[in-house]
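Visitor: Got a file for you: entry-v1.cif, mmCIF, C-alpha atoms.
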data_upload
loop_
_atom_site.label_atom_id
_atom_site.label_comp_id
_atom_site.auth_asym_id
_atom_site.auth_seq_id
_atom_site.Cartn_x
_atom_site.Cartn_y
_atom_site.Cartn_z
CA MET A 201 200.88 -0.96 -157.41
CA ALA A 202 201.88 0.17 -160.88
CA ALA A 203 205.53 0.13 -161.86
CA THR A 204 207.31 3.02 -163.49
CA ALA A 205 208.85 2.31 -166.88
CA THR A 206 212.37 3.38 -167.81
CA SER A 207 215.16 1.88 -169.81
CA CYS A 208 218.87 1.59 -169.14
CA ALA A 209 221.91 0.35 -171.02
CA PRO A 210 223.42 -2.73 -169.43
CA ASP A 211 226.98 -1.43 -169.58
CA LEU A 212 226.37 1.25 -167.02
CA ASP A 213 227.54 0.68 -163.49
CA LEU A 214 224.27 0.15 -161.71
CA VAL A 215 223.43 0.98 -158.11
CA LEU A 216 221.68 -1.71 -156.13
CA PRO A 217 218.01 -0.94 -155.48
CA GLY A 218 217.29 0.47 -152.03
CA PRO A 219 215.38 -1.41 -149.34
CA GLY A 220 211.86 -1.98 -150.55
CA GLU A 221 212.88 -1.41 -154.17
CA VAL A 222 213.02 -3.90 -157.03
CA ASP A 223 214.45 -3.39 -160.51
CA VAL A 224 212.69 -5.63 -163.03
CA TRP A 225 214.53 -6.06 -166.32
CA ARG A 226 212.58 -7.03 -169.40
CA VAL A 227 214.63 -9.11 -171.84
CA GLU A 228 213.53 -9.97 -175.38
CA LEU A 229 214.59 -13.56 -176.06
CA THR A 230 214.48 -13.33 -179.85
CA GLY A 231 217.82 -11.55 -180.23
CA ASP A 232 221.35 -12.75 -181.00
CA THR A 233 222.81 -15.35 -178.62
CA GLY A 234 226.53 -14.82 -179.34
CA TYR A 235 227.37 -12.57 -176.39
CA CYS A 236 225.15 -14.45 -173.96
CA ALA A 237 226.55 -17.87 -174.87
CA GLY A 238 230.04 -16.58 -174.14
CA VAL A 239 229.32 -15.62 -170.54
CA LEU A 240 227.56 -18.79 -169.33
CA SER A 241 229.20 -20.87 -166.59
CA SER A 242 230.12 -24.52 -167.02
CA ALA A 243 227.12 -25.49 -164.88
CA GLU A 244 224.80 -23.47 -167.10
CA ARG A 245 226.36 -25.03 -170.19
CA SER A 246 225.63 -28.46 -168.72
CA ARG A 247 221.99 -27.52 -168.24
CA LEU A 248 221.95 -26.16 -171.78
CA ALA A 249 222.95 -29.54 -173.16
CA GLY A 250 219.45 -30.82 -172.39
CA ARG A 251 217.76 -28.18 -174.52
CA CYS A 252 217.31 -27.77 -178.25
CA GLY A 253 215.77 -25.27 -180.66
CA GLU A 254 213.88 -22.36 -179.19
CA ALA A 255 214.24 -23.66 -175.63
CA ARG A 256 218.02 -23.52 -176.07
CA ARG A 257 217.97 -19.98 -177.46
CA ARG A 258 215.70 -18.75 -174.70
CA PHE A 259 217.89 -20.32 -172.02
CA VAL A 260 221.05 -18.74 -173.45
CA ARG A 261 219.50 -15.28 -173.83
CA SER A 262 217.86 -15.22 -170.40
CA HIS A 263 220.79 -16.62 -168.42
CA GLY A 264 223.32 -14.51 -170.33
CA ALA A 265 221.22 -11.41 -169.62
CA LEU A 266 220.98 -12.38 -165.95
CA ARG A 267 224.80 -12.56 -165.74
CA ASP A 268 225.17 -9.28 -167.64
CA ILE A 269 222.75 -7.44 -165.39
CA ALA A 270 224.13 -8.93 -162.18
CA GLY A 271 227.65 -8.01 -163.31
CA ALA A 272 226.59 -4.39 -163.88
CA TYR A 273 225.31 -4.16 -160.29
CA MET A 274 228.34 -5.94 -158.86
CA HIS A 275 230.86 -4.10 -161.08
CA THR A 276 232.30 -7.30 -162.45
CA ARG A 277 232.40 -9.06 -165.81
CA ALA A 278 229.31 -11.10 -166.62
CA ALA A 279 231.33 -14.30 -167.01
CA ASP A 280 232.86 -13.77 -163.55
CA VAL A 281 229.58 -13.39 -161.67
CA GLU A 282 229.34 -16.03 -158.97
CA LEU A 283 225.77 -17.13 -159.48
CA PHE A 284 224.37 -20.14 -157.68
CA CYS A 285 221.33 -21.27 -159.58
CA ALA A 286 220.12 -24.71 -158.52
CA TYR A 287 217.00 -25.99 -160.27
CA GLY A 288 213.92 -25.22 -158.15
CA ALA A 289 215.71 -22.73 -155.91
CA ALA A 290 216.03 -18.96 -156.08
CA PRO A 291 219.30 -17.84 -157.72
CA CYS A 292 221.65 -16.13 -155.26
CA MET A 293 225.11 -14.62 -155.26
CA PRO A 294 227.62 -13.05 -152.90
CA GLY A 295 227.39 -9.33 -152.18
CA GLY A 296 223.78 -9.19 -151.06
CA LEU A 297 222.27 -9.28 -154.53
CA ARG A 298 219.05 -11.26 -154.87
CA VAL A 299 217.65 -12.12 -158.26
CA SER A 300 214.67 -13.92 -159.74
CA LEU A 301 214.09 -15.03 -163.32
CA SER A 302 210.85 -15.69 -165.19
CA HIS A 303 210.41 -16.80 -168.80
CA CYS A 304 207.25 -16.31 -170.78
CA GLU A 305 207.41 -17.25 -174.45
CA GLU A 306 209.82 -14.72 -176.03
CA VAL A 307 210.23 -12.49 -172.98
CA ALA A 308 212.16 -12.96 -169.75
CA LEU A 309 211.84 -10.84 -166.62
CA ILE A 310 214.79 -10.55 -164.24
CA ALA A 311 214.11 -9.02 -160.83
CA VAL A 312 216.98 -7.59 -158.78
CA ALA A 313 216.76 -6.56 -155.12
CA ARG A 314 218.61 -6.59 -151.79
CA ARG A 315 216.04 -8.89 -150.21
CA PRO A 316 214.60 -12.25 -151.36
CA VAL A 317 212.56 -11.47 -154.46
CA GLY A 318 210.33 -13.37 -156.86
CA VAL A 319 208.99 -12.43 -160.27
CA ASP A 320 206.63 -14.20 -162.63
CA ALA A 321 204.93 -13.45 -165.94
CA GLU A 322 202.44 -15.34 -168.04
CA THR A 323 200.82 -14.70 -171.38
CA LEU A 324 197.06 -14.33 -171.61
CA ALA A 325 197.11 -17.29 -174.00
CA ALA A 326 197.88 -19.48 -170.98
CA ALA A 327 194.45 -18.75 -169.55
CA GLY A 328 192.38 -18.59 -172.68
CA ASP A 329 190.40 -21.81 -172.95
CA ASP A 330 187.49 -23.72 -171.51
CA ASP A 331 189.55 -25.29 -168.71
CA LEU A 332 190.07 -21.95 -166.97
CA ASP A 333 187.32 -22.28 -164.39
CA ASP A 334 188.50 -25.79 -163.44
CA LEU A 335 192.04 -24.43 -163.18
CA ALA A 336 190.82 -21.60 -160.94
CA ASP A 337 189.00 -24.11 -158.76
CA LEU A 338 192.25 -26.04 -158.37
CA VAL A 339 194.71 -23.27 -157.57
CA LEU A 340 192.80 -20.37 -156.01
CA HIS A 341 192.22 -19.86 -152.29
CA PRO A 342 188.48 -20.03 -151.45
CA ARG A 343 188.25 -16.24 -150.98
CA GLU A 344 190.12 -15.67 -154.26
CA LEU A 345 187.83 -18.11 -156.02
CA ALA A 346 184.73 -16.29 -154.77
CA ALA A 347 186.13 -12.98 -156.07
CA TYR A 348 187.14 -14.59 -159.38
CA LYS A 349 183.60 -15.89 -159.92
CA ARG A 350 182.22 -12.37 -159.52
CA VAL A 351 184.32 -11.20 -162.48
CA GLY A 352 182.80 -11.18 -165.96
CA VAL A 353 183.81 -14.04 -168.25
CA ALA A 354 185.82 -11.78 -170.59
CA GLN A 355 187.92 -10.46 -167.70
CA ARG A 356 188.57 -13.84 -166.09
CA PRO A 357 191.80 -14.76 -167.92
CA ARG A 358 193.55 -11.59 -166.76
CA ALA A 359 192.03 -11.81 -163.27
CA PHE A 360 193.18 -15.41 -162.94
CA LEU A 361 196.70 -14.69 -164.20
CA ARG A 362 197.05 -11.77 -161.76
CA LEU A 363 196.63 -14.29 -158.95
CA TRP A 364 198.63 -17.09 -160.58
CA THR A 365 201.67 -14.85 -161.20
CA ARG A 366 201.52 -13.54 -157.63
CA LYS A 367 201.49 -17.12 -156.31
CA GLU A 368 204.42 -18.18 -158.49
CA ALA A 369 206.34 -15.07 -157.46
CA VAL A 370 205.71 -15.88 -153.78
CA LEU A 371 207.08 -19.39 -154.29
CA LYS A 372 210.17 -18.02 -156.00
CA ALA A 373 210.83 -15.46 -153.26
CA ARG A 374 210.67 -18.33 -150.77
CA GLY A 375 212.99 -20.49 -152.87
CA GLU A 376 210.20 -23.01 -153.43
CA GLY A 377 208.70 -24.55 -156.53
CA ILE A 378 205.26 -25.44 -157.81
CA GLY A 379 205.45 -28.94 -156.33
CA ASP A 380 206.38 -27.84 -152.82
CA ARG A 381 202.90 -26.73 -151.76
CA LEU A 382 199.40 -26.40 -153.18
CA LEU A 383 198.88 -22.99 -154.74
CA SER A 384 195.43 -22.83 -153.13
CA GLU A 385 197.17 -22.56 -149.74
CA LEU A 386 198.57 -19.16 -150.69
CA GLU A 387 196.21 -16.19 -150.42
CA VAL A 388 197.60 -13.40 -152.58
CA GLY A 389 194.61 -11.14 -153.30
CA GLY A 390 195.87 -8.38 -150.96
CA SER A 391 199.11 -6.42 -150.81
CA THR A 392 200.96 -8.93 -148.61
CA CYS A 393 201.34 -12.68 -148.18
CA GLY A 394 203.11 -14.10 -145.14
CA GLY A 395 205.34 -11.07 -144.65
CA LEU A 396 206.05 -10.65 -148.36
CA SER A 397 204.89 -7.55 -150.25
CA LEU A 398 203.13 -8.09 -153.57
CA ALA A 399 202.93 -5.85 -156.63
CA ASP A 400 201.46 -6.29 -160.07
CA LEU A 401 203.70 -5.39 -162.98
CA ASP A 402 202.77 -2.85 -165.60
CA LEU A 403 204.46 -4.26 -168.70
CA GLY A 404 203.01 -1.74 -171.12
CA SER A 405 199.61 -1.15 -172.64
CA GLY A 406 198.48 -3.70 -175.17
CA THR A 407 200.89 -6.39 -174.00
CA PRO A 408 199.54 -9.93 -173.67
CA LEU A 409 201.71 -10.38 -170.57
CA VAL A 410 200.54 -10.34 -166.98
CA GLY A 411 203.20 -10.19 -164.29
CA ALA A 412 203.82 -9.82 -160.57
CA VAL A 413 206.75 -9.24 -158.26
CA VAL A 414 207.12 -10.18 -154.60
CA LEU A 415 209.67 -8.83 -152.10
CA ASP A 416 210.56 -9.87 -148.57
CA HIS A 417 210.12 -6.35 -147.17
CA PRO A 418 207.21 -4.35 -145.68
CA GLU A 419 206.82 -2.40 -148.92
CA VAL A 420 207.74 -2.79 -152.56
CA ARG A 421 208.42 -0.20 -155.27
CA VAL A 422 209.15 -1.46 -158.76
CA THR A 423 211.07 0.03 -161.67
CA VAL A 424 210.79 -1.76 -165.03
CA ARG A 425 213.85 -1.49 -167.28
CA GLU A 426 214.77 -2.85 -170.70
CA TRP A 427 217.89 -4.92 -171.39
CA TRP A 428 219.40 -5.30 -174.83
CA ARG A 429 222.53 -6.78 -176.42
CA MET B 57 191.85 -51.67 -166.48
CA THR B 58 193.37 -48.45 -167.82
CA ALA B 59 197.11 -48.80 -168.30
CA ARG B 60 199.56 -46.19 -167.01
CA SER B 61 200.83 -45.70 -170.56
CA ASP B 62 197.31 -44.76 -171.67
CA VAL B 63 197.07 -42.17 -168.91
CA ARG B 64 200.49 -40.79 -169.85
CA SER B 65 199.46 -40.56 -173.52
CA MET B 66 196.35 -38.64 -172.50
CA LEU B 67 198.39 -36.22 -170.40
CA ILE B 68 200.99 -35.74 -173.14
CA GLY B 69 198.20 -35.22 -175.66
CA ALA B 70 196.64 -32.54 -173.48
CA LEU B 71 200.01 -30.86 -172.95
CA ALA B 72 200.75 -30.94 -176.69
CA GLU B 73 197.35 -29.40 -177.41
CA LYS B 74 197.88 -26.65 -174.84
CA ARG B 75 201.39 -25.93 -176.11
CA ARG B 76 200.30 -26.31 -179.75
CA ARG B 77 203.09 -28.83 -180.28
CA ASP B 78 203.32 -32.06 -182.21
CA VAL B 79 203.27 -34.95 -179.70
CA GLY B 80 206.52 -36.41 -181.06
CA LYS B 81 208.33 -33.08 -180.78
CA LEU B 82 207.00 -32.57 -177.27
CA GLU B 83 208.19 -36.03 -176.22
CA ALA B 84 211.63 -35.25 -177.63
CA GLU B 85 211.77 -31.98 -175.67
CA LEU B 86 210.76 -33.79 -172.47
CA ARG B 87 213.45 -36.45 -173.00
CA ALA B 88 216.09 -33.81 -173.72
CA ALA B 89 215.20 -31.84 -170.60
CA GLY B 90 215.71 -34.86 -168.34
CA SER B 91 214.54 -34.19 -164.78
CA GLU B 92 213.65 -30.57 -165.55
CA CYS B 93 210.27 -29.69 -167.02
CA PRO B 94 210.99 -27.62 -170.14
CA TYR B 95 207.67 -25.78 -169.88
CA ASP B 96 206.29 -23.23 -167.49
CA SER B 97 204.39 -25.00 -164.73
CA ILE B 98 201.04 -23.48 -165.68
CA TRP B 99 200.98 -25.63 -168.82
CA LEU B 100 201.50 -28.90 -166.93
CA VAL B 101 198.82 -27.96 -164.38
CA LYS B 102 196.42 -27.10 -167.21
CA ALA B 103 197.17 -30.36 -168.98
CA GLY B 104 196.53 -32.21 -165.71
CA VAL B 105 193.15 -30.50 -165.32
CA ARG B 106 192.20 -31.49 -168.87
CA ALA B 107 193.43 -35.10 -168.58
CA ALA B 108 191.63 -35.59 -165.26
CA ARG B 109 188.40 -34.34 -166.78
CA GLN B 110 188.82 -36.75 -169.72
CA LEU B 111 189.37 -39.57 -167.22
CA GLY B 112 186.13 -38.70 -165.46
CA PHE B 113 187.15 -36.83 -162.31
CA GLN B 114 188.22 -33.39 -161.13
CA LEU B 115 191.89 -32.79 -160.30
CA LYS B 116 191.94 -31.87 -156.62
CA PRO B 117 195.08 -33.16 -154.84
CA GLU B 118 195.55 -33.09 -151.08
CA LYS B 119 198.20 -30.91 -149.42
CA SER B 120 200.50 -33.90 -149.12
CA GLU B 121 200.22 -34.53 -152.86
CA ALA B 122 201.53 -31.15 -154.09
CA ALA B 123 204.63 -32.81 -155.57
CA ILE B 124 202.55 -34.31 -158.39
CA PHE B 125 203.11 -31.06 -160.30
CA LYS B 126 206.89 -31.45 -160.34
CA SER B 127 206.99 -33.57 -163.48
CA VAL B 128 204.98 -35.31 -166.18
CA GLU B 129 205.82 -38.68 -164.63
CA ALA B 130 204.69 -37.70 -161.12
CA LEU B 131 201.42 -36.32 -162.46
CA THR B 132 200.92 -39.42 -164.61
CA THR B 133 201.34 -41.68 -161.58
CA TYR B 134 198.84 -39.62 -159.57
CA LEU B 135 196.26 -39.68 -162.36
CA HIS B 136 196.74 -43.40 -162.92
CA ASN B 137 196.27 -44.15 -159.22
CA LYS B 138 193.06 -42.14 -159.23
CA VAL B 139 191.78 -44.04 -162.27
CA GLN B 140 192.57 -47.35 -160.60
CA ASP B 141 190.69 -46.24 -157.46
CA GLN B 142 187.75 -45.26 -159.67
CA GLU B 143 187.77 -48.57 -161.52
CA ALA B 144 188.01 -50.58 -158.30
CA ALA B 145 185.03 -48.80 -156.73
#
Step by step, read the file and then write its structure as structure tokens.

Guide:
Amino acid sequence: MAATATSCAPDLDLVLPGPGEVDVWRVELTGDTGYCAGVLSSAERSRLAGRCGEARRRFVRSHGALRDIAGAYMHTRAADVELFCAYGAAPCMPGGLRVSLSHCEEVALIAVARRPVGVDAETLAAAGDDDLDDLADLVLHPRELAAYKRVGVAQRPRAFLRLWTRKEAVLKARGEGIGDRLLSELEVGGSTCGGLSLADLDLGSGTPLVGAVVLDHPEVRVTVREWWR
Amino acid sequence: MTARSDVRSMLIGALAEKRRRDVGKLEAELRAAGSECPYDSIWLVKAGVRAARQLGFQLKPEKSEAAIFKSVEALTTYLHNKVQDQEAA
């Protein structure tokens, strides 16, 4: 399904999405890091110590934005948000808020819902070389692979990334990681996967990004918003 | 016999090419990240596909081997074991 596109200032008191709804926040990672650095927890600062350069800036911006957005829903200061974010597991917090974070180059997507949620985005550059068919053979379910091979060569990168991002989003909604199961086990070509609802993200015309969101609910409606600081 | 370090160099080379990074800079980023992989998983999987092809086989792990994609070191070990099997045959 296509997402609607709106924008919203982060300072507003936000209302949690209803059942079956997901807010996906698009965060540009090229901006200033001052505010975001100031709201990180000690655990996040420890993880930050292992990063340098652009990886450090992206981590600060994305995790600061996550705290800011979660705080707006929970009506608390970003620095006070109780966010449990173990590596390889879906971030969670008290109050019924579920979140998922995806980075892709200079953009992060933060999905917010009442139910377990997963979001993923990739750039078309990630699928644009002569290894793509071998990659598809490795990670696609046999029925997905058959459909992929019927697509014209020029459309294959986007077709592949539609499936890849859905698979990654499924893993995130389940609190799993890429090494927990083979991606070819997951069949994500339809609107559901193992009780999870799947939706492709409309991130704007002309964007090199392909994205998907997954929600543990019989249906999913997505609103894409912009975050800035 | 192909050494594990050779296989690792091949994998790092493929990852650096995919990420358009200098190998030395990429190694530094991997060291700094410790147990976490600093790159999105699609890049490591792609580098594994490329390295396997260069080593003469297709990357096709079993269900029980899914964890090879958790880190550069795990994937290196898997690829090296496959090369050793190939060389022993």

Visitor: Evaluate the PyMOL selection byres ((chain A) within 12 of (chain B)) and record the selected residues as an MDAnalysis selection string, following the chain and residue labels used in the document.

Guide: chainID A and resid 246:256 258:259 286:288 302:305 320:340 360:361 364:365 367:368 376:386

Visitor: In Å, how far is it from atom CA of A:Tyr273 to atom CA of A:Leu214?

Guide: 4.7 Å

Visitor: May I ask which of the residues B:Glu73, B:Glu83, B:Asp62, B:Asp78 is the closest one to B:Thr133, counting all atoms listed in the file?

Guide: B:Asp62

Visitor: By how many Å are atom CA of A:Ala412 and atom CA of A:His341 apart?

Guide: 17.4 Å

Visitor: From the options B:Val79, B:Cys93, B:Leu71, B:Ala59, which residue's atoms come nearest to B:Ala130, counting all atoms listed in the file?

Guide: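 So, comparing all the options, the nearest one is B:Cys93.
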
Visitor: Restricting the calculation to all atoms listed in the file, which member of B:Arg64, B:Gly112, B:Thr58, B:Gly69 is positioned closest to B:Val128?

Guide: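 Nearest to B:Val128: B:Arg64.
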
Visitor: For the provided coordinates, the residues matched by the PyMOL selection byres ((chain A and resi 215) around 9) should be stated as a PDB file with C-alpha atoms, keeping the file's coordinate frame.

Guide:
ATOM      1  CA  ASP A 213     227.540   0.680-163.490  1.00  0.00           C
ATOM      2  CA  LEU A 214     224.270   0.150-161.710  1.00  0.00           C
ATOM      3  CA  LEU A 216     221.680  -1.710-156.130  1.00  0.00           C
ATOM      4  CA  PRO A 217     218.010  -0.940-155.480  1.00  0.00           C
ATOM      5  CA  GLY A 218     217.290   0.470-152.030  1.00  0.00           C
ATOM      6  CA  ALA A 272     226.590  -4.390-163.880  1.00  0.00           C
ATOM      7  CA  TYR A 273     225.310  -4.160-160.290  1.00  0.00           C
ATOM      8  CA  MET A 274     228.340  -5.940-158.860  1.00  0.00           C
TER       9      MET A 274
END

Visitor: Using the chain letters and numbers from this file, what does the PyMOL selection byres ((chain B and resi 57) around 12) select? Give the answer as a list in words.

Guide: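 This file, filtered by the PyMOL selection byres ((chain B and resi 57) around 12), leaves Thr58, Ala59, Arg60, Ser61, Asp62, Val63, His136, Asn137, Val139, Gln140, Asp141, Gln142, Glu143 and Ala144 of chain B.
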
Visitor: Kindly give the distance, in Å, that separates atom CA of A:Thr276 and atom CA of A:Ala373, rounded to a single decimal.

Guide: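 Atom CA of A:Thr276 sits 24.7 Å away from atom CA of A:Ala373.
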
Visitor: Leaving out A:Gly234 and any residue of its chain fewer than 6 positions from it, which residues lie within 12 Å of it when counting all atoms listed in the file, given as a list of chain:residue names?

Guide: A:Leu240, A:Arg257, A:Val260, A:Arg261, A:Gly264, A:Ala265, A:Arg429

Visitor: With only C-alpha atoms as the atoms that count, which of A:Arg315, A:Arg343, A:Arg245, A:Arg366 lies nearest to A:Leu415?

Guide: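 Of the candidates, the smallest distance to A:Leu415 is held by A:Arg315.
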
Visitor: Compare A:Ala270, A:Ile310, A:Val353, A:Met293 by their minimum atom-to-atom distance to A:Trp225, counting all atoms listed in the file, and give me the closest one.

Guide: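 Closest to A:Trp225, using all atoms listed in the file: A:Ile310.
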